[in-house]
Amino acid sequence: MAARLLYDVQQRYKPRIYREFLGAEPYTESEFQARYRFSKESIQILTTLLNDDLKRRTNRSHAIPVETQIKIALRYYASGSFMQVIGDTFGYDKSTVSRIIQAVTGAISAHGADFLRWPDETTKPAIINGFYNIARFPCVIGAVDGTHIRIQAPSDNEYAFVNRKNFHSINVQGICDHEGKFTNIVAKWPGSTHDSFIFRNSDVGIHLDQNHRGFDVDGLLLGDSGYACKPYLMTPYLRPSTRHQERFNSAQTRTRSVIERTFGRWKRRFHLLHSEIRLTPDRVCKIVIACAILHNFAILQREPMIDDREVEEIDIGQDLGRQDGTNVRNLIATTYF
């Protein structure tokens, strides 16, 4: 009787079949880069960096190699495909792919401090010069803006995630330097949250509000009219009335546009960010952070863009908060423009 019961239990579960994946080897370098958004050399660097985080602590012979885990996650970020499709490509079950993506995302995020760096005294001069060379706007250390990452309707607080364009999203704040590298990313607020609220409650916004010593000492951020004009955050004049103000607006817009182009390239590099992500908001936020880190890594590795034609669309809403930086804005406009 016991033997019969054991036989029934064994028949109830499908045997685990382990398949060796060889699909990446036939690709040329350009085909490989198009599928994973990184060269083979860059993936080797990532494998070394994340090895201790992802290597399975087991003596079993069928542990999934770290490089394969990274390729699975990168393929998911790059394509935005269903996890079932990714699993069929690599020869793994959907649940295994889900666990791998979660593990790789966490491992990448753990190295955020290595790639997401706020300008310090050694890097500020190069960033200020880089921004100045765009349109001669002085003392700029970053451009700030928000972008919406579409998600499926969550089960909790669903209404809070409906943005002004009437779809569910996470509102992500990004700050970048003149090269398009993210220096700060905030991904935790639902789509209905206003850009200016996110900035005011971010670590960067709080720090600048409490510690900014002047634009000629600590530099400036540039933002659109969705933000309040502050001594450390310059926004354009809504109704310019002089030639100085018109030239200020022109230079501010041209310089600030680097963040809009950065969002566009970021989403084209990782197409998952363009599509509706079918995960919980918490997991989506972690993936957004991981993709921001990978974006900076791609720039450092000089990875080419597959398609560099589109530009992130601009969605501007006027901020109605205190405009404490108007005197600084007027000073910059009359002095430099």
# chains A, B, ... in the order shown; residues from 1 in each chain; ligands from 1
>>> closest_atom_pairs(of="range 151-224 of chain A", to="range 232-239 of chain A", cutoff="7 Å", atoms="only C-alpha atoms", output="tab-separated table")
residue	atom	partner	partner_atom	distance
A:Leu208	CA	A:Tyr232	CA	6.9
A:His212	CA	A:Tyr232	CA	6.9
A:Phe215	CA	A:Tyr232	CA	6.3
A:Leu220	CA	A:Tyr232	CA	4.9
A:Leu221	CA	A:Leu233	CA	4.7
A:Leu222	CA	A:Met234	CA	5.0
A:Gly223	CA	A:Thr235	CA	5.2
A:Asp224	CA	A:Thr235	CA	5.3
>>> write_last_selection(atoms="N, CA, C and O atoms", output="compact mmCIF listing (two decimals), in the first residue's frame")
# COMPACT_ATOMS: atom_id res chain seq x y z
N LEU A 208 19.07 70.14 -0.62
CA LEU A 208 19.31 71.45 -1.22
C LEU A 208 18.55 72.54 -0.50
O LEU A 208 19.05 73.66 -0.33
N HIS A 212 21.79 74.50 0.70
CA HIS A 212 22.32 75.18 -0.48
C HIS A 212 22.90 76.54 -0.10
O HIS A 212 22.25 77.36 0.55
N PHE A 215 24.16 79.59 -5.89
CA PHE A 215 24.35 78.90 -7.16
C PHE A 215 25.81 78.91 -7.60
O PHE A 215 26.26 78.01 -8.31
N LEU A 220 23.44 74.63 -9.66
CA LEU A 220 22.00 74.72 -9.91
C LEU A 220 21.47 73.45 -10.57
O LEU A 220 22.19 72.76 -11.29
N LEU A 221 20.19 73.21 -10.35
CA LEU A 221 19.45 72.24 -11.14
C LEU A 221 18.53 73.01 -12.09
O LEU A 221 18.11 74.13 -11.78
N LEU A 222 18.23 72.41 -13.23
CA LEU A 222 17.28 73.00 -14.17
C LEU A 222 16.06 72.10 -14.27
O LEU A 222 16.19 70.87 -14.39
N GLY A 223 14.87 72.71 -14.24
CA GLY A 223 13.64 71.96 -14.39
C GLY A 223 12.64 72.73 -15.22
O GLY A 223 12.82 73.92 -15.49
N ASP A 224 11.56 72.07 -15.64
CA ASP A 224 10.53 72.76 -16.41
C ASP A 224 9.59 73.48 -15.47
O ASP A 224 9.79 73.51 -14.25
>>> residues_around(residues="Thr255 in chain A", least_positions_apart="6", cutoff="7 Å", atoms="only C-alpha atoms", output="VMD selection string")
chain A and resid 131 134 to 135
>>> select_by_dssp(residues="range 39-258 of chain A", states="helix (DSSP H, G or I)", output="number ranges by chain")
A: 40-54, 66-79, 83-90, 94-110, 112-115, 124-135, 158-161, 195-200, 203-211, 215-218, 243-258
>>> atom_distance(atom1="CA of Arg200 in chain A", atom2="CA of Thr326 in chain A")
17.4 Å
>>> closest_residue(among="A:Gln84, A:Thr48, A:Ser30, A:Asn133", to="Ala251 in chain A", atoms="only C-alpha atoms")
A:Asn133
>>> select_by_dssp(residues="range 118-286 of chain A", states="strand (DSSP E or B)", output="VMD selection string")
chain A and resid 140 to 151 162 168 to 176 182 to 190 220 to 222 230 233 to 234 277
>>> closest_residue(among="A:Ser81, A:Thr242, A:Thr68, A:Asn296", to="Ile100 in chain A", atoms="only C-alpha atoms")
A:Thr68
>>> closest_residue(among="A:Pro231, A:Gly226, A:Gly87, A:Gly214", to="Ile198 in chain A", atoms="only C-alpha atoms")
A:Gly226
>>> residues_around(residues="range 244-250 of chain A", least_positions_apart="6", cutoff="6 Å", atoms="only C-alpha atoms", output="compact mmCIF listing (two decimals) with N, CA, C and O atoms, in the first residue's frame")
# COMPACT_ATOMS: atom_id res chain seq x y z
N PRO A 236 11.90 78.04 -16.31
CA PRO A 236 11.77 79.14 -17.28
C PRO A 236 10.73 80.17 -16.84
O PRO A 236 9.84 79.89 -16.05
N ALA A 333 19.57 86.01 -15.31
CA ALA A 333 19.10 86.49 -16.62
C ALA A 333 19.79 87.79 -17.00
O ALA A 333 20.24 87.96 -18.14
N THR A 334 19.88 88.72 -16.08
CA THR A 334 20.46 90.03 -16.42
C THR A 334 21.98 89.99 -16.47
O THR A 334 22.60 90.76 -17.21
N PHE A 337 22.72 86.80 -19.57
CA PHE A 337 22.00 86.76 -20.85
C PHE A 337 21.54 88.15 -21.28
O PHE A 337 20.88 88.32 -22.28
>>> residues_around(residues="range 176-185 of chain A", least_positions_apart="5", cutoff="8 Å", atoms="only C-alpha atoms", output="list in words")
Leu116, Arg117, Trp118, Pro119, Ile127, Gly130, Phe131, Ile141, Gly142, Ala143, Val144, Val258, Ile259, Arg261, Thr262, Ile289, Ala292, Ile293, His295, Asn296 and Ile299 of chain A
>>> residues_around(residues="Ile72 in chain A", least_positions_apart="4", cutoff="8 Å", atoms="only C-alpha atoms", output="list in words")
Thr68, Tyr76, Ile86, Phe90, Val97, Ile100 and Ile101 of chain A
>>> write_last_selection(atoms="N, CA and C atoms", output="PDB file, in the first residue's frame")
ATOM      1  N   THR A  68      24.190  33.187 -17.133  1.00  0.00           N
ATOM      2  CA  THR A  68      22.869  32.881 -17.696  1.00  0.00           C
ATOM      3  C   THR A  68      21.784  33.657 -16.975  1.00  0.00           C
ATOM      4  N   TYR A  76      14.868  40.261 -20.544  1.00  0.00           N
ATOM      5  CA  TYR A  76      13.562  40.739 -20.079  1.00  0.00           C
ATOM      6  C   TYR A  76      13.511  42.262 -20.088  1.00  0.00           C
ATOM      7  N   ILE A  86      10.379  34.476 -22.363  1.00  0.00           N
ATOM      8  CA  ILE A  86      11.791  34.461 -21.983  1.00  0.00           C
ATOM      9  C   ILE A  86      12.193  33.061 -21.538  1.00  0.00           C
ATOM     10  N   PHE A  90      15.122  30.428 -23.154  1.00  0.00           N
ATOM     11  CA  PHE A  90      16.291  29.923 -22.430  1.00  0.00           C
ATOM     12  C   PHE A  90      16.144  28.492 -21.941  1.00  0.00           C
ATOM     13  N   VAL A  97      12.232  31.848 -14.186  1.00  0.00           N
ATOM     14  CA  VAL A  97      12.588  33.137 -14.787  1.00  0.00           C
ATOM     15  C   VAL A  97      12.205  34.275 -13.853  1.00  0.00           C
ATOM     16  N   ILE A 100      14.694  34.474 -11.049  1.00  0.00           N
ATOM     17  CA  ILE A 100      15.981  34.961 -11.533  1.00  0.00           C
ATOM     18  C   ILE A 100      15.945  36.472 -11.726  1.00  0.00           C
ATOM     19  N   ILE A 101      14.887  36.977 -12.360  1.00  0.00           N
ATOM     20  CA  ILE A 101      14.773  38.421 -12.596  1.00  0.00           C
ATOM     21  C   ILE A 101      14.746  39.173 -11.272  1.00  0.00           C
TER      22      ILE A 101
END
>>> atom_distance(atom1="CA of Gln44 in chain A", atom2="CA of Ile277 in chain A")
27.4 Å
>>> closest_residue(among="A:Leu54, A:Ser109, A:Pro65, A:Pro304", to="Arg268 in chain A", atoms="only C-alpha atoms")
A:Pro304
>>> atom_distance(atom1="CA of Tyr77 in chain A", atom2="CA of Ser196 in chain A")
28.4 Å
>>> closest_residue(among="A:Lys71, A:Arg56, A:Arg243, A:Arg254", to="Ser42 in chain A", atoms="only C-alpha atoms")
A:Lys71
>>> closest_residue(among="A:Ser202, A:Ser98, A:Asn163, A:Asn327", to="Arg278 in chain A", atoms="only C-alpha atoms")
A:Ser98
>>> residues_around(residues="Val284 in chain A", least_positions_apart="3", cutoff="9 Å", atoms="only C-alpha atoms", output="JSON, numbers by chain")
{"A": [149, 151, 170, 187, 277, 278, 279, 280, 281, 287, 288, 289]}
>>> write_last_selection(atoms="C-alpha atoms", output="PDB file, in the first residue's frame")
ATOM      1  CA  ILE A 149       6.398  54.055 -16.272  1.00  0.00           C
ATOM      2  CA  ILE A 151       2.038  49.417 -15.029  1.00  0.00           C
ATOM      3  CA  ILE A 170       4.800  54.970 -11.422  1.00  0.00           C
ATOM      4  CA  ALA A 187      11.052  55.473  -8.081  1.00  0.00           C
ATOM      5  CA  ILE A 277       4.917  46.185 -16.770  1.00  0.00           C
ATOM      6  CA  ARG A 278       2.846  43.334 -15.425  1.00  0.00           C
ATOM      7  CA  LEU A 279       4.220  43.244 -11.893  1.00  0.00           C
ATOM      8  CA  THR A 280       3.336  44.738  -8.518  1.00  0.00           C
ATOM      9  CA  PRO A 281       4.311  48.413  -8.037  1.00  0.00           C
ATOM     10  CA  ILE A 287      13.368  47.198 -11.796  1.00  0.00           C
ATOM     11  CA  VAL A 288      13.340  50.926 -12.606  1.00  0.00           C
ATOM     12  CA  ILE A 289      16.285  51.470 -10.254  1.00  0.00           C
TER      13      ILE A 289
END
>>> residues_around(residues="Asn171 in chain A", least_positions_apart="5", cutoff="7 Å", atoms="only C-alpha atoms", output="ChimeraX atom specification")
/A:146-149,187,189-191,193
